[in-house]
>>> print(open('final-v1.csv').read())   # CSV, C-alpha atoms
chain,number,residue,atom,x,y,z
A,147,MET,CA,-12.1,-6.1,-8.1
A,148,ILE,CA,-8.4,-5.3,-8.3
A,149,HIS,CA,-6.0,-2.9,-6.6
A,150,GLU,CA,-3.1,-0.9,-8.0
A,151,LEU,CA,-0.2,0.0,-5.7
A,152,ARG,CA,2.0,2.7,-7.2
A,153,THR,CA,5.3,3.8,-5.6
A,154,TYR,CA,7.1,6.9,-6.8
A,155,THR,CA,10.6,7.8,-5.8
A,156,LEU,CA,11.2,11.6,-5.8
A,157,GLN,CA,14.2,13.8,-6.0
A,158,PRO,CA,15.4,14.7,-2.4
A,159,GLY,CA,13.9,18.0,-1.3
A,160,THR,CA,10.8,17.8,-3.6
A,161,GLN,CA,8.4,15.6,-1.5
A,162,GLY,CA,6.6,18.5,0.1
A,163,GLN,CA,5.9,20.3,-3.2
A,164,TYR,CA,4.9,17.0,-4.8
A,165,LEU,CA,2.4,16.3,-2.1
A,166,LYS,CA,1.0,19.8,-2.3
A,167,ASN,CA,0.5,19.5,-6.0
A,168,SER,CA,-1.1,16.1,-5.7
A,169,SER,CA,-3.5,17.4,-3.0
A,170,GLU,CA,-4.4,20.8,-4.4
A,171,ILE,CA,-4.3,20.1,-8.2
A,172,GLY,CA,-4.1,16.4,-9.0
A,173,ARG,CA,-6.8,15.2,-6.6
A,174,LYS,CA,-9.2,17.8,-7.7
A,175,ILE,CA,-8.8,16.9,-11.3
A,176,ARG,CA,-8.9,13.2,-10.9
A,177,GLY,CA,-11.2,12.7,-8.0
A,178,ASP,CA,-12.5,9.1,-8.1
A,179,ASN,CA,-13.6,9.3,-11.7
A,180,TYR,CA,-10.6,7.4,-13.0
A,181,GLY,CA,-10.3,4.7,-10.3
A,182,LYS,CA,-11.0,5.1,-6.6
A,183,LEU,CA,-8.2,6.4,-4.4
A,184,GLU,CA,-8.0,4.3,-1.2
A,185,GLY,CA,-4.8,5.9,0.3
A,186,PHE,CA,-1.9,8.2,-0.5
A,187,TRP,CA,1.1,8.3,1.8
A,188,SER,CA,4.7,9.5,2.1
A,189,THR,CA,7.5,7.3,3.5
A,190,GLU,CA,8.7,8.0,7.1
A,191,PHE,CA,11.0,4.9,7.4
A,192,GLY,CA,12.3,2.6,4.8
A,193,THR,CA,13.2,4.1,1.4
A,194,LEU,CA,12.8,7.8,1.8
A,195,ASN,CA,11.5,10.4,-0.6
A,196,GLN,CA,8.8,8.1,-1.8
A,197,VAL,CA,5.0,8.4,-2.1
A,198,VAL,CA,2.8,5.4,-2.2
A,199,HIS,CA,-0.8,5.4,-3.5
A,200,LEU,CA,-3.4,2.6,-3.6
A,201,TRP,CA,-6.3,2.6,-6.1
A,202,THR,CA,-9.3,0.3,-6.7
A,203,PHE,CA,-10.7,-0.7,-10.1
A,204,GLU,CA,-13.5,-3.0,-11.0
A,205,SER,CA,-11.2,-5.0,-13.3
A,206,LEU,CA,-8.1,-4.8,-15.5
A,207,ASN,CA,-10.2,-3.9,-18.5
A,208,GLU,CA,-11.9,-1.1,-16.5
A,209,ARG,CA,-8.5,0.2,-15.3
A,210,GLU,CA,-7.3,0.3,-18.9
A,211,ARG,CA,-10.4,2.2,-20.0
A,212,LEU,CA,-10.3,4.7,-17.2
A,213,ARG,CA,-6.6,5.4,-17.7
A,214,GLY,CA,-7.3,6.0,-21.3
A,215,GLU,CA,-9.9,8.5,-20.4
A,216,LEU,CA,-7.5,10.2,-18.0
A,217,ALA,CA,-4.9,10.5,-20.7
A,218,LYS,CA,-7.5,12.6,-22.7
A,219,ASN,CA,-8.1,15.0,-19.9
A,220,GLU,CA,-6.1,18.1,-20.7
A,221,GLU,CA,-6.3,19.5,-17.2
A,222,TRP,CA,-4.4,16.3,-16.2
A,223,THR,CA,-2.0,16.1,-19.0
A,224,LYS,CA,-1.2,19.8,-19.4
A,225,GLY,CA,-2.1,21.2,-16.0
A,226,TYR,CA,-0.9,18.6,-13.5
A,227,LEU,CA,1.6,16.2,-15.1
A,228,PRO,CA,4.1,18.9,-16.2
A,229,GLN,CA,4.4,20.0,-12.6
A,230,THR,CA,5.3,16.5,-11.4
A,231,ARG,CA,7.4,14.7,-14.0
A,232,GLY,CA,10.5,16.7,-13.3
A,233,VAL,CA,10.8,15.5,-9.7
A,234,LEU,CA,10.3,11.7,-10.3
A,235,LEU,CA,13.3,9.5,-10.3
A,236,ALA,CA,11.5,6.2,-10.5
A,237,GLN,CA,8.1,4.6,-10.6
A,238,GLU,CA,7.0,1.1,-9.6
A,239,ASN,CA,3.6,-0.4,-10.1
A,240,LYS,CA,2.0,-3.6,-8.7
A,241,ILE,CA,-1.4,-5.0,-9.6
A,242,LEU,CA,-2.9,-6.8,-6.6
A,243,SER,CA,-5.7,-9.2,-6.1
A,244,ILE,CA,-7.6,-9.4,-2.8
A,245,VAL,CA,-6.7,-12.0,-0.2
A,246,LEU,CA,-8.5,-10.3,2.7
A,247,PRO,CA,-10.9,-7.4,2.0
A,248,LEU,CA,-9.7,-3.8,2.5
A,249,LYS,CA,-10.8,-2.4,5.9
A,250,PRO,CA,-9.8,1.2,6.3
A,251,PRO,CA,-9.8,2.5,9.9
A,252,ALA,CA,-13.0,4.3,10.8
A,253,GLU,CA,-11.3,7.2,12.5
A,254,PRO,CA,-8.3,9.4,11.4
A,255,GLY,CA,-5.0,9.7,13.2
A,256,HIS,CA,-2.8,6.8,12.1
A,257,ILE,CA,0.5,5.8,10.7
A,258,TYR,CA,0.6,2.9,8.3
A,259,GLU,CA,3.0,0.0,7.8
A,260,LEU,CA,3.2,-1.6,4.4
A,261,ARG,CA,4.8,-5.0,4.4
A,262,TRP,CA,5.6,-7.1,1.3
A,263,TYR,CA,6.9,-10.6,1.5
A,264,ARG,CA,8.3,-12.5,-1.5
A,265,ALA,CA,7.8,-16.2,-1.3
A,266,HIS,CA,9.8,-19.0,-2.7
A,267,VAL,CA,8.4,-20.0,-6.1
A,268,GLY,CA,5.4,-22.3,-5.5
A,269,ARG,CA,5.0,-21.5,-1.8
A,270,LEU,CA,3.0,-18.2,-1.8
A,271,ALA,CA,-0.4,-20.0,-1.5
A,272,GLU,CA,1.0,-22.0,1.5
A,273,TRP,CA,2.1,-18.8,3.2
A,274,ILE,CA,-1.2,-17.1,2.5
A,275,GLY,CA,-3.2,-20.0,3.9
A,276,LEU,CA,-1.1,-20.0,7.1
A,277,PHE,CA,-1.5,-16.2,7.4
A,278,LYS,CA,-5.2,-16.2,7.0
A,279,GLY,CA,-5.5,-18.9,9.6
A,280,VAL,CA,-3.6,-16.9,12.2
A,281,MET,CA,-5.4,-13.6,11.6
A,282,PRO,CA,-7.9,-14.0,14.5
A,283,ALA,CA,-5.0,-14.3,16.9
A,284,ARG,CA,-3.0,-11.5,15.2
A,285,GLU,CA,-6.0,-9.1,15.2
A,286,LYS,CA,-6.4,-9.4,18.9
A,287,TYR,CA,-3.6,-6.8,19.0
A,288,SER,CA,-4.2,-4.6,16.0
A,289,LYS,CA,-6.5,-4.7,13.0
A,290,ASN,CA,-5.3,-5.4,9.5
A,291,VAL,CA,-6.2,-3.0,6.8
A,292,GLY,CA,-5.8,-5.2,3.8
A,293,VAL,CA,-4.0,-8.3,2.5
A,294,PHE,CA,-3.2,-8.8,-1.2
A,295,GLN,CA,-1.1,-10.9,-3.6
A,296,THR,CA,0.6,-9.6,-6.7
A,297,GLU,CA,-0.8,-10.4,-10.2
A,298,ALA,CA,1.6,-8.1,-12.0
A,299,GLY,CA,4.9,-6.6,-10.9
A,300,GLN,CA,7.0,-8.7,-8.6
A,301,LEU,CA,5.3,-12.1,-8.6
A,302,ASN,CA,5.1,-14.6,-5.7
A,303,GLU,CA,4.5,-11.7,-3.4
A,304,ALA,CA,2.1,-11.0,-0.5
A,305,VAL,CA,1.4,-7.3,0.4
A,306,HIS,CA,-0.3,-6.4,3.7
A,307,LEU,CA,-1.2,-3.0,5.2
A,308,TRP,CA,-1.5,-2.2,8.9
A,309,ALA,CA,-2.6,0.9,10.8
A,310,TYR,CA,-1.3,2.0,14.2
A,311,LYS,CA,-1.9,5.1,16.4
A,312,ASP,CA,1.8,6.0,16.3
A,313,LEU,CA,5.3,4.4,16.3
A,314,ASN,CA,5.0,3.6,20.0
A,315,ASP,CA,1.8,1.8,19.5
A,316,ARG,CA,3.4,-0.2,16.7
A,317,ALA,CA,6.3,-1.2,18.9
A,318,ALA,CA,4.0,-2.2,21.8
A,319,VAL,CA,1.7,-4.2,19.5
A,320,ARG,CA,4.6,-6.1,17.8
A,321,SER,CA,6.1,-6.9,21.2
A,322,LYS,CA,2.9,-8.5,22.4
A,323,VAL,CA,2.3,-10.3,19.1
A,324,LEU,CA,5.7,-11.9,19.3
A,325,GLN,CA,4.8,-13.4,22.7
A,326,ASP,CA,1.6,-14.9,21.5
A,327,PRO,CA,1.8,-18.7,21.3
A,328,GLU,CA,-0.3,-19.0,18.1
A,329,TRP,CA,1.8,-16.4,16.4
A,330,GLN,CA,5.0,-18.2,17.4
A,331,VAL,CA,3.6,-21.4,15.8
A,332,PHE,CA,2.7,-19.5,12.7
A,333,LEU,CA,6.2,-18.0,12.4
A,334,GLY,CA,7.8,-21.5,12.7
A,335,LYS,CA,5.6,-22.8,9.9
A,336,SER,CA,5.6,-19.8,7.6
A,337,ALA,CA,9.2,-18.6,7.7
A,338,PRO,CA,10.5,-21.4,5.4
A,339,CYS,CA,8.0,-20.2,2.7
A,340,LEU,CA,9.6,-16.8,2.4
A,341,ALA,CA,12.6,-15.6,0.5
A,342,GLU,CA,12.5,-11.9,1.3
A,343,MET,CA,10.6,-9.5,3.6
A,344,LYS,CA,10.4,-5.7,3.4
A,345,SER,CA,8.5,-3.0,5.3
A,346,ILE,CA,8.0,0.8,5.2
A,347,ILE,CA,6.3,3.2,7.5
A,348,LEU,CA,3.9,5.6,5.9
A,349,ASN,CA,2.3,9.0,6.8
A,350,PRO,CA,-1.0,9.9,5.2
A,351,ALA,CA,-0.9,12.8,2.8
A,352,PRO,CA,-3.4,15.6,3.3
A,353,HIS,CA,-5.7,14.2,0.6
A,354,SER,CA,-5.5,10.6,1.6
A,355,PRO,CA,-8.9,8.9,2.3
A,356,MET,CA,-7.1,6.8,4.9
A,357,LYS,CA,-5.9,9.1,7.7
>>> encode(input="final-v1.csv", output="structure tokens")
Amino acid sequence: MIHELRTYTLQPGTQGQYLKNSSEIGRKIRGDNYGKLEGFWSTEFGTLNQVVHLWTFESLNERERLRGELAKNEEWTKGYLPQTRGVLLAQENKILSIVLPLKPPAEPGHIYELRWYRAHVGRLAEWIGLFKGVMPAREKYSKNVGVFQTEAGQLNEAVHLWAYKDLNDRAAVRSKVLQDPEWQVFLGKSAPCLAEMKSIILNPAPHSPMK
């Protein structure tokens, strides 16, 4: 099982129409026949005018096969893609392997935080081991949605996804976590492993399976 995390940067002012096209046209054409859509979001904080989508495939070979089939679908190539290509400024793609299984929230009504940490070369496994060890303490405050590491794209990177009720809930949770003694020990041990940390806040699109 692999995951594909795609990030598209859009021309300012086009995000609303892009999401509408993705929801009303692209999603209906693609469905889950060419990879399973796990989540589709737009950025609220971080780099703006971006959409982020997460897909699941059985393997890299299956991903290649399904994307080949999608490229033969004329509804996709002639009906959908021409309406989207003109608004894209950049595309980024990461292939992710699972560190902790994907656990989407059971109920709708969330914002999401996507965090990705680049480790110093040779220290990602150490950071992941520490992170997995502290998860029981961390999840006393909010549940993790998924933890991954990059196999293609930016290497030496851990990617983790969190769900919160709203921004106030996120702020309250993070305040409590920072006071937790186990988390403080984790921070002291894990920080030297990391070279860079980034975070964006995401809103679910209308057609996102994760709400």
>>> closest_residue(input="final-v1.csv", among="A:Gln295, A:Asn314, A:Gln229, A:Ser336", to="Glu272 (chain A)", atoms="only C-alpha atoms")
A:Ser336
>>> residues_around(input="final-v1.csv", residues="Val323 (chain A)", least_positions_apart="4", cutoff="9 Å", atoms="all atoms listed in the file", output="PyMOL selection string")
chain A and resi 283-284+286-287+318-319+327+329-330
>>> residues_around(input="final-v1.csv", residues="Leu246 (chain A)", least_positions_apart="6", cutoff="7 Å", atoms="all atoms listed in the file", output="PyMOL selection string")
chain A and resi 292-294
>>> residues_near_point(input="final-v1.csv", point="(-6.1, 1.7, 7.7)", cutoff="6 Å", atoms="all atoms listed in the file", output="tab-separated table (two decimals) with C-alpha atoms, in the coordinates of the input")
chain	number	residue	atom	x	y	z
A	250	PRO	CA	-9.80	1.20	6.30
A	251	PRO	CA	-9.80	2.50	9.90
A	291	VAL	CA	-6.20	-3.00	6.80
A	309	ALA	CA	-2.60	0.90	10.80
A	356	MET	CA	-7.10	6.80	4.90
>>> closest_residue(input="final-v1.csv", among="A:Lys166, A:Arg213, A:Lys344, A:Lys311", to="His256 (chain A)", atoms="only C-alpha atoms")
A:Lys311
>>> residues_around(input="final-v1.csv", residues="region 231-233 of chain A", least_positions_apart="6", cutoff="9 Å", atoms="only C-alpha atoms", output="PyMOL selection string")
chain A and resi 155-158+160-161+164
>>> closest_residue(input="final-v1.csv", among="A:Ile346, A:Ser243, A:Phe332, A:Asn167", to="Ala304 (chain A)", atoms="all atoms listed in the file")
A:Ser243
>>> decode(input="final-v1.csv", residues="region 165-212 of chain A", atoms="N, CA and C atoms", output="CSV table (one decimal), in the first residue's frame")
chain,number,residue,atom,x,y,z
A,165,LEU,N,-12.0,24.2,-7.5
A,165,LEU,CA,-12.6,23.3,-6.6
A,165,LEU,C,-14.0,22.9,-7.1
A,166,LYS,N,-14.7,23.8,-7.7
A,166,LYS,CA,-16.0,23.5,-8.3
A,166,LYS,C,-15.9,22.5,-9.4
A,167,ASN,N,-14.9,22.7,-10.3
A,167,ASN,CA,-14.7,21.8,-11.4
A,167,ASN,C,-14.2,20.4,-10.9
A,168,SER,N,-13.4,20.4,-9.9
A,168,SER,CA,-12.9,19.2,-9.3
A,168,SER,C,-14.0,18.4,-8.7
A,169,SER,N,-14.9,19.1,-8.0
A,169,SER,CA,-16.0,18.4,-7.4
A,169,SER,C,-17.1,17.9,-8.4
A,170,GLU,N,-17.5,18.8,-9.3
A,170,GLU,CA,-18.7,18.5,-10.1
A,170,GLU,C,-18.3,17.8,-11.4
A,171,ILE,N,-17.0,17.9,-11.8
A,171,ILE,CA,-16.7,17.2,-13.1
A,171,ILE,C,-15.6,16.1,-12.8
A,172,GLY,N,-14.5,16.5,-12.3
A,172,GLY,CA,-13.4,15.6,-12.1
A,172,GLY,C,-13.7,14.4,-11.2
A,173,ARG,N,-14.3,14.7,-10.1
A,173,ARG,CA,-14.6,13.6,-9.2
A,173,ARG,C,-15.6,12.6,-9.8
A,174,LYS,N,-16.6,13.1,-10.5
A,174,LYS,CA,-17.6,12.2,-11.2
A,174,LYS,C,-16.9,11.3,-12.2
A,175,ILE,N,-16.0,11.8,-12.9
A,175,ILE,CA,-15.3,11.1,-14.0
A,175,ILE,C,-14.3,10.0,-13.4
A,176,ARG,N,-13.6,10.5,-12.4
A,176,ARG,CA,-12.5,9.6,-11.9
A,176,ARG,C,-13.0,8.7,-10.8
A,177,GLY,N,-13.9,9.1,-9.9
A,177,GLY,CA,-14.4,8.3,-8.8
A,177,GLY,C,-13.2,7.7,-8.1
A,178,ASP,N,-13.3,6.4,-7.7
A,178,ASP,CA,-12.2,5.7,-7.1
A,178,ASP,C,-11.7,4.6,-8.0
A,179,ASN,N,-11.9,4.8,-9.3
A,179,ASN,CA,-11.6,3.8,-10.3
A,179,ASN,C,-10.1,3.9,-10.7
A,180,TYR,N,-9.5,5.0,-10.3
A,180,TYR,CA,-8.1,5.2,-10.8
A,180,TYR,C,-7.2,5.5,-9.6
A,181,GLY,N,-7.5,4.9,-8.5
A,181,GLY,CA,-6.8,5.2,-7.2
A,181,GLY,C,-7.9,5.7,-6.3
A,182,LYS,N,-7.8,5.4,-5.0
A,182,LYS,CA,-8.8,5.8,-4.0
A,182,LYS,C,-8.5,7.2,-3.5
A,183,LEU,N,-9.4,8.2,-3.6
A,183,LEU,CA,-9.3,9.5,-3.0
A,183,LEU,C,-9.5,9.4,-1.5
A,184,GLU,N,-8.6,9.9,-0.7
A,184,GLU,CA,-8.7,9.9,0.7
A,184,GLU,C,-9.1,11.2,1.3
A,185,GLY,N,-8.6,12.3,0.6
A,185,GLY,CA,-8.9,13.6,1.1
A,185,GLY,C,-8.5,14.7,0.0
A,186,PHE,N,-9.3,15.8,0.0
A,186,PHE,CA,-9.1,16.8,-1.0
A,186,PHE,C,-9.3,18.1,-0.3
A,187,TRP,N,-8.3,19.0,-0.2
A,187,TRP,CA,-8.4,20.2,0.7
A,187,TRP,C,-7.9,21.4,-0.1
A,188,SER,N,-8.2,22.6,0.5
A,188,SER,CA,-7.6,23.9,0.0
A,188,SER,C,-7.0,24.5,1.2
A,189,THR,N,-5.9,25.2,1.0
A,189,THR,CA,-5.1,25.8,2.1
A,189,THR,C,-5.8,27.0,2.7
A,190,GLU,N,-5.8,27.1,4.0
A,190,GLU,CA,-6.3,28.2,4.8
A,190,GLU,C,-5.2,29.1,5.3
A,191,PHE,N,-4.2,28.4,5.8
A,191,PHE,CA,-2.9,29.1,6.3
A,191,PHE,C,-1.7,28.3,5.7
A,192,GLY,N,-0.6,29.0,5.6
A,192,GLY,CA,0.5,28.5,4.9
A,192,GLY,C,0.6,29.1,3.6
A,193,THR,N,1.0,28.3,2.6
A,193,THR,CA,1.0,28.8,1.2
A,193,THR,C,-0.4,28.8,0.7
A,194,LEU,N,-0.9,30.0,0.3
A,194,LEU,CA,-2.3,30.1,-0.1
A,194,LEU,C,-2.4,29.7,-1.6
A,195,ASN,N,-3.7,29.7,-2.0
A,195,ASN,CA,-4.0,29.3,-3.4
A,195,ASN,C,-3.5,27.9,-3.8
A,196,GLN,N,-3.6,27.0,-2.8
A,196,GLN,CA,-3.2,25.6,-3.1
A,196,GLN,C,-4.3,24.7,-2.8
A,197,VAL,N,-4.3,23.6,-3.5
A,197,VAL,CA,-5.1,22.4,-3.2
A,197,VAL,C,-4.2,21.2,-3.0
A,198,VAL,N,-4.6,20.4,-2.0
A,198,VAL,CA,-3.8,19.2,-1.6
A,198,VAL,C,-4.7,18.0,-1.7
A,199,HIS,N,-4.3,17.0,-2.3
A,199,HIS,CA,-5.1,15.8,-2.4
A,199,HIS,C,-4.3,14.5,-2.1
A,200,LEU,N,-4.9,13.6,-1.4
A,200,LEU,CA,-4.2,12.4,-1.0
A,200,LEU,C,-4.9,11.2,-1.6
A,201,TRP,N,-4.1,10.3,-2.2
A,201,TRP,CA,-4.6,9.1,-2.9
A,201,TRP,C,-4.0,7.8,-2.3
A,202,THR,N,-4.7,6.7,-2.5
A,202,THR,CA,-4.2,5.4,-2.1
A,202,THR,C,-4.1,4.5,-3.3
A,203,PHE,N,-3.0,3.8,-3.4
A,203,PHE,CA,-2.8,2.8,-4.4
A,203,PHE,C,-2.3,1.5,-3.7
A,204,GLU,N,-2.6,0.4,-4.4
A,204,GLU,CA,-2.1,-0.9,-3.8
A,204,GLU,C,-0.5,-1.0,-3.9
A,205,SER,N,0.0,-0.4,-5.0
A,205,SER,CA,1.5,-0.5,-5.2
A,205,SER,C,1.9,0.6,-6.2
A,206,LEU,N,3.2,0.8,-6.4
A,206,LEU,CA,3.6,1.7,-7.4
A,206,LEU,C,3.2,1.2,-8.8
A,207,ASN,N,3.3,-0.1,-9.0
A,207,ASN,CA,3.0,-0.7,-10.3
A,207,ASN,C,1.5,-0.5,-10.6
A,208,GLU,N,0.6,-0.6,-9.5
A,208,GLU,CA,-0.8,-0.4,-9.7
A,208,GLU,C,-1.1,1.1,-10.0
A,209,ARG,N,-0.4,1.9,-9.3
A,209,ARG,CA,-0.5,3.4,-9.6
A,209,ARG,C,-0.2,3.7,-11.1
A,210,GLU,N,0.9,3.1,-11.6
A,210,GLU,CA,1.3,3.4,-13.0
A,210,GLU,C,0.3,2.8,-13.9
A,211,ARG,N,-0.3,1.7,-13.6
A,211,ARG,CA,-1.3,1.1,-14.5
A,211,ARG,C,-2.6,1.9,-14.5
A,212,LEU,N,-3.0,2.3,-13.3
A,212,LEU,CA,-4.3,3.1,-13.2
A,212,LEU,C,-4.1,4.5,-13.9
